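K.L.:
One structure, as structure tokens, below. Some questions next.
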Amino acid sequence: MIPAAMRSLWFGLLAVAVTLTGCSRPSPRLDGEAYRTAPWSAELVDRIASTPVQADGRIKPLSVLAAFTLYDVHGRRDLKYSIPGPDGVQQKVKLEPTEWLLDVWCYPRQAARYPLFRIENVGVMDALGFANNGQRQDFEYLSYAQVFEVVDQLQELAIQYSRIEQRERNAVQEHILSLWTDFRKYDRMQRQLGALHFSIPVQDPELQKVFGTEQVDVGGIVANADGFRRLLKAQDRQMRGASPDLLELVEFVGKAITNDDDGAGLLSPTTLGEDQWMTLGAGLELVIKGARGPLADVLVSLQRAVSEDDLSAKESALFAYRDASVAAASQNTNYDHEKVELETYYYRAAWHYQSIHWFLFAFVLAAACWLAPRSRVLWAASLGVTVLALGMLSYDVLLRCLITERPPIKNLYDTFLFIAAVGVLLAVVAEIMLPRRIALAAAPFMGALLVMFARMFEVADGSDTMDPLVAVLDSNFWLATHVTTINIGYAAGLVAALLANVWILMRVLRIAHPADSAAKSLVRMVYGVTCFGLAFSVVGTILGGVWANDSWGRFWGWDPKENGALMICLAQVALLHARFSGMVRDFGFVAWSAVTGAVVVFSWFHVNLLGIGLHSYGFSSGLRDAVWTSYVVQAAFVVIGSVDVALRPNPARAKRVATASPAVSTL
Amino acid sequence: MTATGASKAKKGPTGIGGFVYRTLGSMKLAVTLFVLLGLLTWLGTLAQIEDGLWKAQKEYFESWFLIADLELSWWGQPVLPDEDGRGFSLRIPLPGAYPVMALLFLNLMVGGMLRMKWRMRNVGVLVVHVGIALLLVAGFVKMEFSYSGSLALFEAPAEGERDTSRVYESATFVSFHDYELALTRDNGDSVIERVVPESELLGAVGGTVTLGAEDLPFKVQVHHWMERCVPQAKGPMLRTTAPIIDDPAGGPGVFLRQLTPLPERSANVAGAYVTVLTAAGERFDGIVYGEDRRPYRQHRYPFTFQAGGERWALDLRRVLYDLPFHVRLQRFEKRDHPGTLTAADYRSFVEIPEEGDREVQIYMNTPLRKDGFVMYQTSWGPQNQGQPSGGPPWFSVFEVAENPSDKWPEYACWVIAAGLMIHFTLKLRRFLGSSVHQSLAQG
């Protein structure tokens, strides 16, 4: 029975893999000429990744700024397009986020034509007047240049739709608003170095003497800031008597200073103790006022990176920018370059991503264990690989803690990794205590699934997962106690539900009889994990109340997140009491556990989709499909299991159960 | 303890009393109540989407009975939507949280303590039950004896620079939600005040509530109570069904324009019409409006009239609570995350004049506890600006609560945690040492 079922499973997985491979679509073509004819060197991409910048309230590596901006506006981890090769055949190009950002900054005319904004609703194309062939494909990409052509129309629609209550908006209206937001984000990113792409001609001999050229750009102004300042000081406040060239130059500088004032901080502050970084424009202003040193070096090297035509010259300027930026930042006592390097390493190593492969490998080994149930080697190998993957995942979580100087969970993204780690650990412990090769497979399955969800969420949400905390969460004590505890409860609830589903599956597929020791072991595991989960859910929920009492002035406010936690406690405590009182037997027990898993999903995620409550720091809108899918899957298990119990009750069941174990478990 | 063991538990009373005793202490009742409370919690959470927290809380969690309205949805979209886009609704009759929690408490006492065998193996469960009981009692005490409100203060400048329109120091705070109608008499030497709580004025929503007393030379009729409204001048083109109050000075009349109540009740400003009928047969009509603009000093406009040779005033206002001490805001500090308007930290430096100007810091997660009252930092204003420089000064908003059971949930938490740890550790030890484990582990 087991080999047959396993063979079916293998063939099914193979069929899905083949189908998915066949479904990949060709990369969109890049319209027009590609100005960058060779890829950025790996060395540059590697080194420039750790250039410090300040965005969203914290200092982070440039690669992280690039990555989350790309996730946000593009919805993918990379950007793909195709261009004609020397032989005329289309060649695929794949850009990593840092490469993409370098293109946006150094080759803006090329980057503006990249297929960037993902349009999933043909109504959006219609509303903006783009030709389309109906909903023939799931989505289309529009470039910045394409959207720029209809930007007035887009803005008008966005303003109109923003006046409609969010709950009243339809999909097209939501999509238009989202496109407008993404467009502005890209525009902001592009404007960061926008001023460096312009220069103005000067015929005034005095200006030519100061700048040593007839064409002045920001880099030239920075390099000759002293002379420029002297020129300005020689003028009166109204600049009466200034030459037209000087007036034009002053206007140019004014625009350059304000052009990127809503952008990320690229330049470290020069005043000790100051924690706000400067944009390029703010840095330019400071240099004109007399600041020198690494700040000026950063600006000059950025100017070179933009102005040089040759790729290698651009790269050399970018190396100089990186070194000057680090040197400038290191002069500030608030800056910790080791942390930026650590974060760069964190994203480059991506231990959680590595763990997915090992979890999957461990799952395959566990599945092989089912085929050869007597093999201790396979069992140990699967367990060992699972523990190895768990180690990777835990190290990933540890690195996040070190970088943020916070306990493991700060936001919704962290919960995925933490719950995955705790869930795997729980299942491993269950397997060691009751080695039936069931938790052995459940552990890596859950680990891989949740880490994959984490990665999907990271891209879908598109916001930096290490952003600083809002004031109310700024408490390492409560993050370490309440948040950690309640999430351990979530993890236990999910593990119990997963094992419960396995029990139902085994019964429905006749892999194991409910009276078999394998099924009985599963019930024991579900019971044990539920007890464990209840303890943490109850304590975590009450600790949350105690925290709320110190923050918001009340222990309990019927806030949706609080209610979700209470529902988990009630579901688990009701389950244990129902079991103890004999209200439910094995099937009722596991079915209830499975439903409790849905309650966990409701509390963990669904309440964040309701758009109400005080826990708005965890809100996300890209999770609806995942949440509803989990409900449907869970409901399907319970319904199919119930139908199976109703239609195919085993005649030998009562007798065998009576002899195999007491009707009521001990509590 | 097994089911068989449970059935042989302590013998209780017999007859009807015994039946009630056993039923109240039964585990099946406990399971039913857990499920009901879970259902109420779920439905009450969903109800907040449409109704807001305050209304959902009253309907689901502070009620004896309700008919829940569950709008069906699939993948976030309404099922079988009507013309307004609302999905098909199921109407489910349910007991409110009051009877459920009261029964749960009784069930806990009878089944979880009295009927349970008091022996070593149950000690963890007993401890947990004690903790849960303490938690429920804390909730009851909070519900019955606690009250809370808001206090907003401006940063106090030096003595000579204070603006009379602003509140810098206060020994009172106002309710978030509840109103009271205050009747004051000013006889020149003193002000005598009587207040009528909002709960006694609810009849004025669609009817008339008449207020009076033997020592008053008039009666007051309150009518056209509106949960959310705004006073508006009656223009020549404007039509309204609400009564128009004439301006004795000859200006346009004024009326209350009814607005759709917002889900967040504290955002609604209530108003009503009042009619005063004096013993001398005079009649005065007016409007009372409950707007509160703290920390700007109240420029209130009560409805005033003459009766019995004295001057009287009727004022609709948020319920005022007294503090046993004064609070003065000396300074407010807000620090944003660099380059953003997201507050990284905000805190108030307050002084309590009764304590010789002792300065206390109040900030997130660190309230001030004094004389049974707790002051929490909740907000500030004006919003969306950095540190004012030459602009308006900061004001700070506190929540003030008086709750006799303030710390009880924390104690309950430790008791429950200890109980659960004892119980499940004992169980795990027993299971690992049992023959059942050996047989299951070996398959």
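How things are named: the first chain in the structure tokens is A, the next is B, and so on; residues count from 1 in each chain; ligands count from 1 in the order shown.
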List the neighbours of B:Asp186 out to 7 Å using only C-alpha atoms; skip same-chain residues closer than 3 positions along the sequence, and give me the result as a list in words.

P.N.:
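In the requested form, the answer reads Ser190, Val191, Ile192, Arg311 and Trp312 of chain B.
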
K.L.:
Would you save the residues of that selection, restricted to N, CA and C atoms, as an mmCIF file, in the first residue's frame?

P.N.:
```cif
data_model
loop_
_atom_site.group_PDB
_atom_site.id
_atom_site.type_symbol
_atom_site.label_atom_id
_atom_site.label_comp_id
_atom_site.auth_asym_id
_atom_site.auth_seq_id
_atom_site.Cartn_x
_atom_site.Cartn_y
_atom_site.Cartn_z
ATOM 1 N N SER B 190 -21.749 81.242 44.151
ATOM 2 C CA SER B 190 -21.275 79.886 43.911
ATOM 3 C C SER B 190 -22.008 79.288 42.714
ATOM 4 N N VAL B 191 -21.397 78.221 42.195
ATOM 5 C CA VAL B 191 -22.008 77.517 41.075
ATOM 6 C C VAL B 191 -22.443 76.142 41.574
ATOM 7 N N ILE B 192 -23.705 75.848 41.418
ATOM 8 C CA ILE B 192 -24.208 74.528 41.825
ATOM 9 C C ILE B 192 -24.489 73.737 40.552
ATOM 10 N N ARG B 311 -30.266 82.575 36.931
ATOM 11 C CA ARG B 311 -29.727 82.240 35.620
ATOM 12 C C ARG B 311 -29.249 80.790 35.640
ATOM 13 N N TRP B 312 -29.650 80.038 34.633
ATOM 14 C CA TRP B 312 -29.326 78.605 34.562
ATOM 15 C C TRP B 312 -28.628 78.317 33.234
#
```

K.L.:
Residues of chain B no more than 7 Å from chain A, counting only C-alpha atoms: send them over as an mmCIF file with N, CA and C atoms, in the first residue's frame.

P.N.:
```cif
data_model
loop_
_atom_site.group_PDB
_atom_site.id
_atom_site.type_symbol
_atom_site.label_atom_id
_atom_site.label_comp_id
_atom_site.auth_asym_id
_atom_site.auth_seq_id
_atom_site.Cartn_x
_atom_site.Cartn_y
_atom_site.Cartn_z
ATOM 1 N N MET B 1 -5.697 11.009 35.879
ATOM 2 C CA MET B 1 -7.142 10.898 36.097
ATOM 3 C C MET B 1 -7.817 10.509 34.785
ATOM 4 N N THR B 2 -8.619 9.482 34.808
ATOM 5 C CA THR B 2 -9.296 9.024 33.597
ATOM 6 C C THR B 2 -10.761 9.393 33.666
ATOM 7 N N ALA B 3 -11.454 9.102 32.566
ATOM 8 C CA ALA B 3 -12.886 9.388 32.557
ATOM 9 C C ALA B 3 -13.594 8.584 33.623
ATOM 10 N N MET B 27 -17.685 18.932 32.332
ATOM 11 C CA MET B 27 -16.688 19.309 31.343
ATOM 12 C C MET B 27 -17.349 19.592 29.994
ATOM 13 N N LYS B 28 -18.486 18.920 29.746
ATOM 14 C CA LYS B 28 -19.178 19.171 28.479
ATOM 15 C C LYS B 28 -19.693 20.607 28.436
ATOM 16 N N VAL B 31 -16.752 22.740 27.570
ATOM 17 C CA VAL B 31 -16.431 22.705 26.139
ATOM 18 C C VAL B 31 -17.422 23.575 25.364
ATOM 19 N N PHE B 34 -16.603 27.175 25.930
ATOM 20 C CA PHE B 34 -15.384 27.571 25.193
ATOM 21 C C PHE B 34 -15.720 27.816 23.723
ATOM 22 N N VAL B 35 -16.513 26.888 23.174
ATOM 23 C CA VAL B 35 -16.854 27.018 21.749
ATOM 24 C C VAL B 35 -17.705 28.273 21.527
ATOM 25 N N GLY B 38 -15.546 31.280 21.777
ATOM 26 C CA GLY B 38 -14.725 31.372 20.567
ATOM 27 C C GLY B 38 -15.535 31.901 19.397
ATOM 28 N N THR B 41 -16.191 35.538 19.865
ATOM 29 C CA THR B 41 -14.974 36.308 19.611
ATOM 30 C C THR B 41 -14.751 36.466 18.109
ATOM 31 N N THR B 45 -15.150 39.929 16.123
ATOM 32 C CA THR B 45 -14.003 40.484 15.388
ATOM 33 C C THR B 45 -14.436 40.910 13.993
ATOM 34 N N ILE B 49 -15.441 45.212 11.426
ATOM 35 C CA ILE B 49 -15.155 45.777 10.094
ATOM 36 C C ILE B 49 -16.229 46.805 9.741
ATOM 37 N N TRP B 75 -13.056 34.243 -0.582
ATOM 38 C CA TRP B 75 -11.822 34.864 -1.070
ATOM 39 C C TRP B 75 -11.881 36.384 -0.900
ATOM 40 N N HIS B 337 12.418 58.452 13.463
ATOM 41 C CA HIS B 337 13.457 57.688 12.782
ATOM 42 C C HIS B 337 14.017 58.593 11.693
ATOM 43 N N PRO B 338 15.336 58.628 11.533
ATOM 44 C CA PRO B 338 15.935 59.613 10.619
ATOM 45 C C PRO B 338 15.346 59.569 9.216
ATOM 46 N N GLY B 339 15.012 60.741 8.715
ATOM 47 C CA GLY B 339 14.503 60.833 7.349
ATOM 48 C C GLY B 339 13.056 60.419 7.205
ATOM 49 N N THR B 340 12.361 60.162 8.305
ATOM 50 C CA THR B 340 10.951 59.758 8.221
ATOM 51 C C THR B 340 10.129 60.594 9.203
ATOM 52 N N THR B 342 8.028 58.837 11.090
ATOM 53 C CA THR B 342 7.610 57.787 12.026
ATOM 54 C C THR B 342 8.307 58.004 13.360
ATOM 55 N N ALA B 343 7.502 58.103 14.405
ATOM 56 C CA ALA B 343 8.083 58.391 15.712
ATOM 57 C C ALA B 343 8.861 57.182 16.224
ATOM 58 N N ALA B 344 10.104 57.424 16.583
ATOM 59 C CA ALA B 344 10.899 56.370 17.215
ATOM 60 C C ALA B 344 10.637 56.380 18.715
ATOM 61 N N ASP B 345 10.363 57.569 19.225
ATOM 62 C CA ASP B 345 10.117 57.689 20.662
ATOM 63 C C ASP B 345 9.395 59.011 20.908
ATOM 64 N N MET B 364 5.916 55.547 26.004
ATOM 65 C CA MET B 364 5.289 54.294 25.596
ATOM 66 C C MET B 364 5.803 53.151 26.464
ATOM 67 N N ASN B 365 4.880 52.348 26.928
ATOM 68 C CA ASN B 365 5.173 51.180 27.762
ATOM 69 C C ASN B 365 5.623 51.542 29.178
ATOM 70 N N THR B 366 5.656 52.829 29.485
ATOM 71 C CA THR B 366 6.036 53.233 30.839
ATOM 72 C C THR B 366 5.073 54.310 31.337
ATOM 73 N N PRO B 367 3.940 53.884 31.931
ATOM 74 C CA PRO B 367 2.973 54.863 32.411
ATOM 75 C C PRO B 367 3.352 55.383 33.803
ATOM 76 N N TYR B 376 -1.127 57.028 30.824
ATOM 77 C CA TYR B 376 -0.368 56.443 29.720
ATOM 78 C C TYR B 376 -0.152 57.490 28.635
ATOM 79 N N THR B 378 -0.325 58.396 25.035
ATOM 80 C CA THR B 378 -1.027 57.804 23.891
ATOM 81 C C THR B 378 -0.780 58.540 22.587
ATOM 82 N N GLU B 399 -3.873 58.815 28.231
ATOM 83 C CA GLU B 399 -5.057 58.109 28.697
ATOM 84 C C GLU B 399 -4.912 57.981 30.205
ATOM 85 N N ALA B 401 -6.577 56.090 33.561
ATOM 86 C CA ALA B 401 -7.486 55.010 33.937
ATOM 87 C C ALA B 401 -7.410 54.768 35.431
ATOM 88 N N PRO B 409 -4.178 40.810 36.208
ATOM 89 C CA PRO B 409 -3.887 39.893 35.094
ATOM 90 C C PRO B 409 -2.427 39.454 35.043
ATOM 91 N N GLU B 410 -1.538 40.343 35.458
ATOM 92 C CA GLU B 410 -0.124 39.973 35.444
ATOM 93 C C GLU B 410 0.128 38.856 36.454
ATOM 94 N N CYS B 413 -1.191 35.691 35.156
ATOM 95 C CA CYS B 413 -0.336 35.129 34.105
ATOM 96 C C CYS B 413 0.732 34.228 34.708
ATOM 97 N N ALA B 417 0.988 30.261 34.122
ATOM 98 C CA ALA B 417 2.222 29.725 33.521
ATOM 99 C C ALA B 417 2.806 28.644 34.421
ATOM 100 N N LEU B 420 0.551 25.476 34.236
ATOM 101 C CA LEU B 420 0.701 24.730 32.978
ATOM 102 C C LEU B 420 2.043 24.004 32.935
ATOM 103 N N LEU B 440 4.300 2.415 21.558
ATOM 104 C CA LEU B 440 4.110 3.282 20.388
ATOM 105 C C LEU B 440 5.451 3.611 19.747
ATOM 106 N N ALA B 441 6.468 3.823 20.577
ATOM 107 C CA ALA B 441 7.775 4.190 20.036
ATOM 108 C C ALA B 441 8.373 3.050 19.217
ATOM 109 N N GLY B 443 6.514 0.778 17.739
ATOM 110 C CA GLY B 443 5.599 0.409 16.665
ATOM 111 C C GLY B 443 5.091 -0.993 16.858
#
```

K.L.:
If you run DSSP on the backbone here, which positions in stretch 421-468 of chain A get alpha helix (DSSP H)? Please write them as a ChimeraX atom specification.

P.N.:
/A:421-433,439-461

K.L.:
Using only C-alpha atoms, determine which residues lie at most 9 Å from B:Arg121, disregarding the query and same-chain residues fewer than 2 positions distant; provide the list as an MDAnalysis selection string.

P.N.:
chainID B and resid 1 118:119 123:125 423 426:427

K.L.:
Mind writing the picked residues with C-alpha atoms as a PDB file, in the first residue's frame?

P.N.:
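The resulting file, out_15.pdb, is shown below:
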```pdb
ATOM      1  CA  MET B   1      -7.142  10.898  36.097  1.00  0.00           C
ATOM      2  CA  TRP B 118      -7.339  17.538  45.049  1.00  0.00           C
ATOM      3  CA  ARG B 119      -4.307  15.350  44.691  1.00  0.00           C
ATOM      4  CA  VAL B 123      -2.008  20.200  41.252  1.00  0.00           C
ATOM      5  CA  GLY B 124      -0.986  21.859  37.970  1.00  0.00           C
ATOM      6  CA  VAL B 125      -4.555  21.945  36.665  1.00  0.00           C
ATOM      7  CA  HIS B 423       0.945  19.929  34.729  1.00  0.00           C
ATOM      8  CA  LEU B 426       4.305  15.860  35.055  1.00  0.00           C
ATOM      9  CA  LYS B 427       2.311  14.497  32.125  1.00  0.00           C
TER      10      LYS B 427
END
```

K.L.:
Mind giving me the straight-line distance from atom CA of A:Ser82 to atom CA of A:Leu30 in Å, one decimal?

P.N.:
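Between these atoms lies a distance of 6.0 Å.
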